[in-house]
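So this one's upload30.cif, mmCIF, C-alpha atoms and all ligand atoms:
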```
data_data
#
loop_
_atom_site.label_atom_id
_atom_site.label_comp_id
_atom_site.auth_asym_id
_atom_site.auth_seq_id
_atom_site.Cartn_x
_atom_site.Cartn_y
_atom_site.Cartn_z
CA MET E 266 91.03 -7.40 95.06
CA LYS E 267 91.07 -11.04 95.68
CA LYS E 268 89.27 -13.34 93.27
CA LYS E 269 86.57 -15.35 95.04
CA GLU E 270 87.02 -18.98 94.39
CA ILE E 271 84.00 -21.20 93.56
CA ASP E 272 84.10 -24.73 94.58
CA PRO E 273 83.90 -27.17 91.64
CA GLU E 274 80.60 -28.67 92.74
CA THR E 275 78.84 -25.28 92.70
CA ALA E 276 80.52 -24.52 89.43
CA ASN E 277 79.18 -27.73 87.92
CA GLU E 278 75.63 -26.96 89.13
CA ILE E 279 75.81 -23.49 87.67
CA LYS E 280 77.04 -24.92 84.36
CA LYS E 281 74.25 -27.46 84.41
CA GLU E 282 71.59 -24.79 85.04
CA LEU E 283 73.06 -22.63 82.31
CA ALA E 284 72.96 -25.54 79.90
CA GLU E 285 69.29 -26.16 80.75
CA LEU E 286 68.47 -22.50 80.29
CA ARG E 287 70.20 -22.49 76.91
CA ALA E 288 68.28 -25.57 75.90
CA GLN E 289 65.02 -23.92 76.93
CA LEU E 290 65.91 -20.76 75.02
CA GLU E 291 66.73 -22.75 71.91
CA SER E 292 63.44 -24.62 72.03
CA GLN E 293 61.49 -21.35 72.52
CA LYS E 294 63.25 -19.78 69.51
CA LYS E 295 62.33 -22.73 67.35
CA LEU E 296 58.70 -22.54 68.43
CA LYS E 297 58.56 -18.80 67.60
CA LYS E 298 60.03 -19.37 64.16
CA LYS E 299 57.47 -22.01 63.42
CA ALA E 300 54.63 -19.73 64.47
CA ALA E 301 55.93 -16.85 62.33
CA LYS E 302 56.35 -18.86 59.14
CA PRO E 303 52.98 -19.04 57.38
CA LYS E 304 52.16 -22.22 55.84
CA ALA E 305 52.62 -21.86 52.22
CA GLU E 306 49.28 -22.63 50.65
CA LYS E 307 49.59 -25.20 48.10
CA PRO E 308 48.02 -24.07 44.89
CA LYS E 309 44.74 -25.66 44.28
CA LYS E 310 44.61 -28.12 41.62
CA LYS E 311 43.58 -26.60 38.38
CA ALA E 312 39.93 -27.03 37.57
CA ALA E 313 39.38 -29.81 35.27
CA LYS E 314 39.70 -28.49 31.78
CA PRO E 315 36.31 -28.67 30.04
CA LYS E 316 36.29 -31.11 27.36
CA GLU E 317 36.36 -29.35 24.08
CA GLU E 318 33.23 -30.13 22.18
CA LYS E 319 34.04 -31.34 18.86
CA PRO E 320 31.99 -29.65 16.16
CA LYS E 321 29.21 -31.81 14.99
CA LYS E 322 29.51 -33.09 11.64
CA LYS E 323 27.80 -30.91 9.10
CA ALA E 324 24.31 -32.00 8.14
CA ALA E 325 24.20 -33.43 4.81
CA LYS E 326 23.48 -30.66 2.29
CA PRO E 327 20.00 -31.14 0.85
CA LYS E 328 19.99 -31.68 -2.72
CA GLU E 329 18.80 -28.62 -4.60
CA VAL E 330 15.54 -29.26 -6.35
CA LYS E 331 15.37 -27.29 -9.48
CA PRO E 332 11.92 -25.63 -9.96
CA LYS E 333 10.00 -26.86 -12.84
CA LYS E 334 9.63 -24.42 -15.66
CA LYS E 335 6.11 -22.94 -15.80
CA THR E 336 4.11 -23.40 -18.88
CA LYS E 337 2.72 -20.41 -20.78
CA ALA E 338 -0.80 -21.27 -19.61
CA GLU E 339 0.34 -21.37 -15.98
CA ILE E 340 2.07 -17.97 -16.33
CA ASN E 341 -1.07 -16.46 -17.85
CA ALA E 342 -3.27 -17.94 -15.10
CA ALA E 343 -0.95 -16.52 -12.42
CA LYS E 344 -1.04 -13.09 -14.07
CA LYS E 345 -4.83 -13.22 -14.25
CA ALA E 346 -5.10 -14.21 -10.59
CA ALA E 347 -2.73 -11.40 -9.53
CA LYS E 348 -4.74 -8.86 -11.54
CA ALA E 349 -8.03 -10.07 -10.04
CA ALA E 350 -6.56 -9.88 -6.52
CA LYS E 351 -5.33 -6.32 -7.16
CA GLU E 352 -8.72 -5.27 -8.52
CA LYS E 353 -10.47 -6.80 -5.52
CA GLU E 354 -8.12 -5.01 -3.15
CA GLU E 355 -8.71 -1.67 -4.91
CA ALA E 356 -12.50 -2.16 -4.87
CA GLU E 357 -12.43 -2.96 -1.16
CA ALA E 358 -10.28 0.09 -0.42
CA LYS E 359 -12.64 2.27 -2.47
CA ALA E 360 -15.71 0.86 -0.69
CA ALA E 361 -14.08 1.44 2.71
CA LYS E 362 -13.21 5.04 1.73
CA GLU E 363 -16.76 5.67 0.50
CA ALA E 364 -18.25 4.20 3.67
CA ALA E 365 -16.02 6.42 5.80
CA GLU E 366 -16.94 9.52 3.78
CA ARG E 367 -20.66 8.75 3.62
CA THR E 368 -22.97 11.57 4.71
CA PRO E 369 -26.74 11.70 5.40
CA GLU E 370 -27.11 13.51 2.05
CA ASP E 371 -25.76 10.47 0.25
CA ASP E 372 -28.57 8.41 1.80
CA LEU E 373 -31.14 11.02 0.77
CA GLU E 374 -29.88 11.05 -2.78
CA GLU E 375 -30.42 7.32 -2.92
CA GLN E 376 -33.87 7.49 -1.32
CA PHE E 377 -35.36 10.21 -3.55
CA SER E 378 -35.60 10.63 -7.28
CA ASP E 379 -34.14 13.66 -9.02
CA GLU E 380 -37.67 15.05 -9.53
CA GLN E 381 -38.56 14.62 -5.85
CA ILE E 382 -35.41 16.49 -4.86
CA ARG E 383 -35.99 19.33 -7.34
CA ASN E 384 -39.57 19.80 -6.13
CA PHE E 385 -38.90 19.31 -2.44
CA GLN E 386 -41.24 21.36 -0.24
CA ILE E 387 -41.13 22.08 3.48
CA GLU E 388 -44.59 22.16 4.99
CA LYS E 389 -46.10 25.63 5.50
CA MET E 390 -43.11 27.35 3.93
CA ASP E 391 -42.87 29.56 0.87
CA MET E 392 -40.12 27.68 -0.92
CA ASP E 393 -39.35 30.56 -3.34
CA LYS E 394 -38.84 32.96 -0.46
CA LEU E 395 -36.78 30.39 1.42
CA THR E 396 -34.68 29.70 -1.68
CA ASN E 397 -33.95 33.41 -2.11
CA LYS E 398 -33.08 33.78 1.54
CA VAL E 399 -30.75 30.79 1.50
CA CYS E 400 -29.03 32.03 -1.65
CA GLU E 401 -28.60 35.51 -0.16
CA ILE E 402 -27.02 34.10 2.99
CA ILE E 403 -24.69 31.79 1.07
CA ALA E 404 -23.79 34.56 -1.39
CA ASP E 405 -22.41 36.65 1.48
CA PHE E 406 -19.69 34.00 1.93
CA GLU E 407 -18.74 34.31 -1.77
CA ASP E 408 -16.33 31.63 -3.06
CA LYS E 409 -15.36 30.49 0.46
CA GLY E 410 -18.82 29.02 0.98
CA MET E 411 -20.43 28.22 4.32
CA LEU E 412 -20.95 25.08 6.33
CA GLN E 413 -24.42 23.69 5.74
CA SER E 414 -24.87 22.98 9.46
CA ASP E 415 -24.32 26.71 10.18
CA LEU E 416 -26.98 27.56 7.63
CA TRP E 417 -29.49 25.11 9.13
CA LYS E 418 -28.91 26.66 12.55
CA LYS E 419 -29.49 30.16 11.15
CA LEU E 420 -32.73 29.12 9.45
CA LYS E 421 -33.83 26.87 12.35
CA LEU E 422 -34.17 23.91 10.02
CA ASN E 423 -33.58 20.33 11.01
CA SER E 424 -30.70 18.66 9.22
CA ARG E 425 -32.98 16.39 7.18
CA ASP E 426 -34.98 19.32 5.72
CA GLY E 427 -31.83 21.38 5.37
CA SER E 428 -30.01 18.64 3.49
CA ARG E 429 -32.93 18.16 1.12
CA LEU E 430 -33.14 21.90 0.57
CA ALA E 431 -29.43 22.03 -0.28
CA LEU E 432 -29.91 19.19 -2.75
CA ARG E 433 -32.87 21.06 -4.29
CA LEU E 434 -30.78 24.21 -4.74
CA GLU E 435 -27.91 22.25 -6.19
CA ARG E 436 -30.18 20.48 -8.68
CA ARG E 437 -31.48 23.88 -9.77
CA GLY E 438 -27.93 25.13 -10.33
CA LEU E 439 -28.14 27.84 -7.67
CA ILE E 440 -25.44 26.46 -5.39
CA SER E 441 -22.70 23.83 -5.43
CA ARG E 442 -21.78 21.52 -2.59
CA GLU E 443 -18.23 20.62 -1.59
CA LYS E 444 -17.59 17.62 0.64
CA ILE E 445 -15.22 18.47 3.48
CA LEU E 446 -13.97 16.85 6.68
CA GLN E 447 -15.06 18.93 9.65
CA LYS E 448 -14.10 17.89 13.20
CA GLY E 449 -13.66 14.28 12.07
CA ARG E 450 -17.00 14.13 10.23
CA TRP E 451 -17.72 14.48 6.54
CA THR E 452 -20.15 17.25 5.71
CA TYR E 453 -20.80 19.83 2.98
CA LYS E 454 -19.80 23.37 2.34
CA LEU E 455 -22.34 25.32 0.27
CA ILE E 456 -21.05 27.73 -2.36
CA ILE E 457 -23.17 30.17 -4.34
CA GLU E 458 -23.34 29.65 -8.09
CA GLN E 459 -26.04 32.14 -9.02
CA ALA E 460 -26.34 35.12 -6.75
CA PRO E 461 -29.96 36.20 -6.36
CA ILE E 462 -30.89 39.53 -7.85
CA LYS E 463 -31.19 41.98 -5.01
CA LEU E 464 -34.18 44.27 -4.99
CA GLU E 465 -31.88 47.32 -4.63
CA SER E 466 -30.26 46.47 -7.94
CA LEU E 467 -33.61 46.86 -9.68
CA VAL E 468 -34.26 50.31 -8.32
CA ASN E 469 -34.43 52.77 -11.19
CA SER E 470 -34.69 49.96 -13.72
CA PRO E 471 -36.42 51.39 -16.83
CA CYS E 472 -38.43 48.17 -17.11
CA LEU E 473 -40.40 49.01 -13.95
CA THR E 474 -42.00 51.99 -15.64
CA CYS E 475 -41.71 50.92 -19.24
CA THR E 476 -44.86 51.38 -21.27
CA VAL E 477 -44.05 48.51 -23.61
CA GLU E 478 -42.95 46.09 -20.89
CA GLN E 479 -45.86 43.77 -21.70
CA LYS E 480 -44.70 43.39 -25.29
CA CYS E 481 -40.99 43.18 -24.47
CA ASP E 482 -39.43 39.80 -25.10
CA PHE E 483 -35.96 38.35 -25.74
CA GLU E 484 -37.31 36.59 -28.82
CA ASN E 485 -38.46 39.84 -30.44
CA SER E 486 -36.56 41.21 -33.36
CA TYR E 487 -35.97 44.89 -33.96
CA PRO E 488 -38.00 47.20 -33.86
CA GLU E 489 -40.17 45.08 -31.48
CA PRO E 490 -39.13 45.78 -27.86
CA SER E 491 -36.51 43.47 -26.46
CA PRO E 492 -33.87 43.82 -23.72
CA LEU E 493 -31.31 42.77 -26.36
CA HIS E 494 -31.67 46.01 -28.24
CA CYS E 495 -33.10 48.42 -25.65
CA GLN E 496 -31.38 51.79 -25.39
CA LEU E 497 -33.06 52.42 -22.00
CA ILE E 498 -31.49 49.28 -20.58
CA GLU E 499 -28.08 50.11 -22.04
CA ASP E 500 -28.15 53.58 -20.48
CA TRP E 501 -29.30 52.25 -17.12
CA VAL E 502 -26.58 49.58 -17.02
CA ALA E 503 -23.92 52.13 -18.00
CA VAL E 504 -24.98 54.50 -15.22
CA ASP E 505 -25.14 51.64 -12.69
CA LEU E 506 -21.63 50.45 -13.62
CA SER E 507 -20.12 53.94 -13.36
CA LYS E 508 -21.67 54.26 -9.88
CA LYS E 509 -20.08 50.99 -8.80
CA LYS E 510 -16.66 52.07 -10.08
CA LYS E 511 -16.85 55.17 -7.91
S1 LIG W 601 -35.99 46.10 -21.82
FE1 LIG W 601 -36.43 48.12 -22.55
S2 LIG W 601 -38.18 47.85 -23.76
FE2 LIG W 601 -38.06 46.08 -22.53
S3 LIG W 601 -39.21 46.46 -20.75
FE3 LIG W 601 -37.20 47.05 -20.25
S4 LIG W 601 -37.10 49.15 -20.80
FE4 LIG W 601 -38.86 48.39 -21.74
#
```

Here is a file; write its structure as structure tokens.
Ligand code: SF4
Amino acid sequence: MKKKEIDPETANEIKKELAELRAQLESQKKLKKKAAKPKAEKPKKKAAKPKEEKPKKKAAKPKEVKPKKKTKAEINAAKKAAKAAKEKEEAEAKAAKEAAERTPEDDLEEQFSDEQIRNFQIEKMDMDKLTNKVCEIIADFEDKGMLQSDLWKKLKLNSRDGSRLALRLERRGLISREKILQKGRWTYKLIIEQAPIKLESLVNSPCLTCTVEQKCDFENSYPEPSPLHCQLIEDWVAVDLSKKKK
């Protein structure tokens, strides 16, 4: 095969075009490189270092003032004042406690004399009968006692009459009262001291049919009749006790 010959002019043009193309290619490569290379960010300047605060100079140490020595009189006066303050505080605490625990009965006790309380009467009422009834009711509760308000309800007495009645019985030694806190209020519990003699206990008593009952007295000396040396009484008590034991 015969090699085709290119005339030099055409060859020069081709060379020229090739050179231009190469130049264009080179410039494009450079541009691409530039685009690909990220701009290295310059590190920001370090924030300004805060100025270190120099510690303030220490305040001048105050001169220690030595306390003056107290005199004996001053010490005694201080002791006296402290004692008086303590006593006042105790008295106030006691008064506050008493005020909190105060009941209507306390007011009644202040209003009436001992004699008025002992002889208290409720209008149109047989006080001896009422006393016996109250004692019988309270005696059923034995040493546990019963709330006075429950007793007033049972006897249909108002609290003022009831409270005075309780005071009367206490003054006569028949009952005792115990202050208690009930549902946030101070009140009294009534406890029997002397149980009333029940009528049943007197059944068959020799005294009921005794012929010398009128002359019988505790003060009598033998052979005068007296319960202190009465064989009938002794026998009756012995029989009564043996019945109870059974
Ligand atoms: S104590 Fe004896 S003597 Fe006196 S009244 Fe009774 S039974 Fe009679």

Name each residue within 7 Å of ligand LIG 601 (chain W), counting all atoms listed in the file, as a PyMOL selection string. chain E and resi 471-472+475-478+481-482+490-492+495-498

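Separating CA of Glu363 in chain E from CA of Ser414 in chain E is a distance of 21.1 Å.
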
Please work out which residues fall within 7 Å of (-14.9, 20.6, 3.8), coordinates as given in the file, with all atoms listed in the file counting, and return them as a PyMOL selection string. chain E and resi 443-447+452-454

Just want the 12 Å neighbourhood of Asp372 in chain E, counted on all atoms listed in the file, with same-chain residues fewer than 4 positions away dropped. Output as a ChimeraX atom specification. /E:364,366-368,376-378,425,428-429,432

Write the residues of the selection above to a file with C-alpha atoms, as a PDB file, in the coordinates of the input.
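Result went into again_9.pdb, see below:
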```
ATOM      1  CA  ALA E 364     -18.250   4.200   3.670  1.00  0.00           C
ATOM      2  CA  GLU E 366     -16.940   9.520   3.780  1.00  0.00           C
ATOM      3  CA  ARG E 367     -20.660   8.750   3.620  1.00  0.00           C
ATOM      4  CA  THR E 368     -22.970  11.570   4.710  1.00  0.00           C
ATOM      5  CA  GLN E 376     -33.870   7.490  -1.320  1.00  0.00           C
ATOM      6  CA  PHE E 377     -35.360  10.210  -3.550  1.00  0.00           C
ATOM      7  CA  SER E 378     -35.600  10.630  -7.280  1.00  0.00           C
ATOM      8  CA  ARG E 425     -32.980  16.390   7.180  1.00  0.00           C
ATOM      9  CA  SER E 428     -30.010  18.640   3.490  1.00  0.00           C
ATOM     10  CA  ARG E 429     -32.930  18.160   1.120  1.00  0.00           C
ATOM     11  CA  LEU E 432     -29.910  19.190  -2.750  1.00  0.00           C
TER      12      LEU E 432
END
```

Tell me, in Å to one decimal, how far CA of Leu416 in chain E is from CA of Asp379 in chain E.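 Taking CA of Leu416 in chain E and CA of Asp379 in chain E, their separation equals 22.8 Å.
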
In Å and to one decimal, CA of Ala460 in chain E is distant from CA of Arg437 in chain E by 12.7 Å

Using the file's own x, y and z axes, what box holds all listed atoms of range 434-444 of chain E with 5 Å on each side, keeping edges along x, y and z, and what are its centre and edge lengths in Å to one decimal, as JSON?
```
{"center_x": -24.5, "center_y": 22.7, "center_z": -4.8, "size_x": 23.9, "size_y": 20.2, "size_z": 21.0}
```
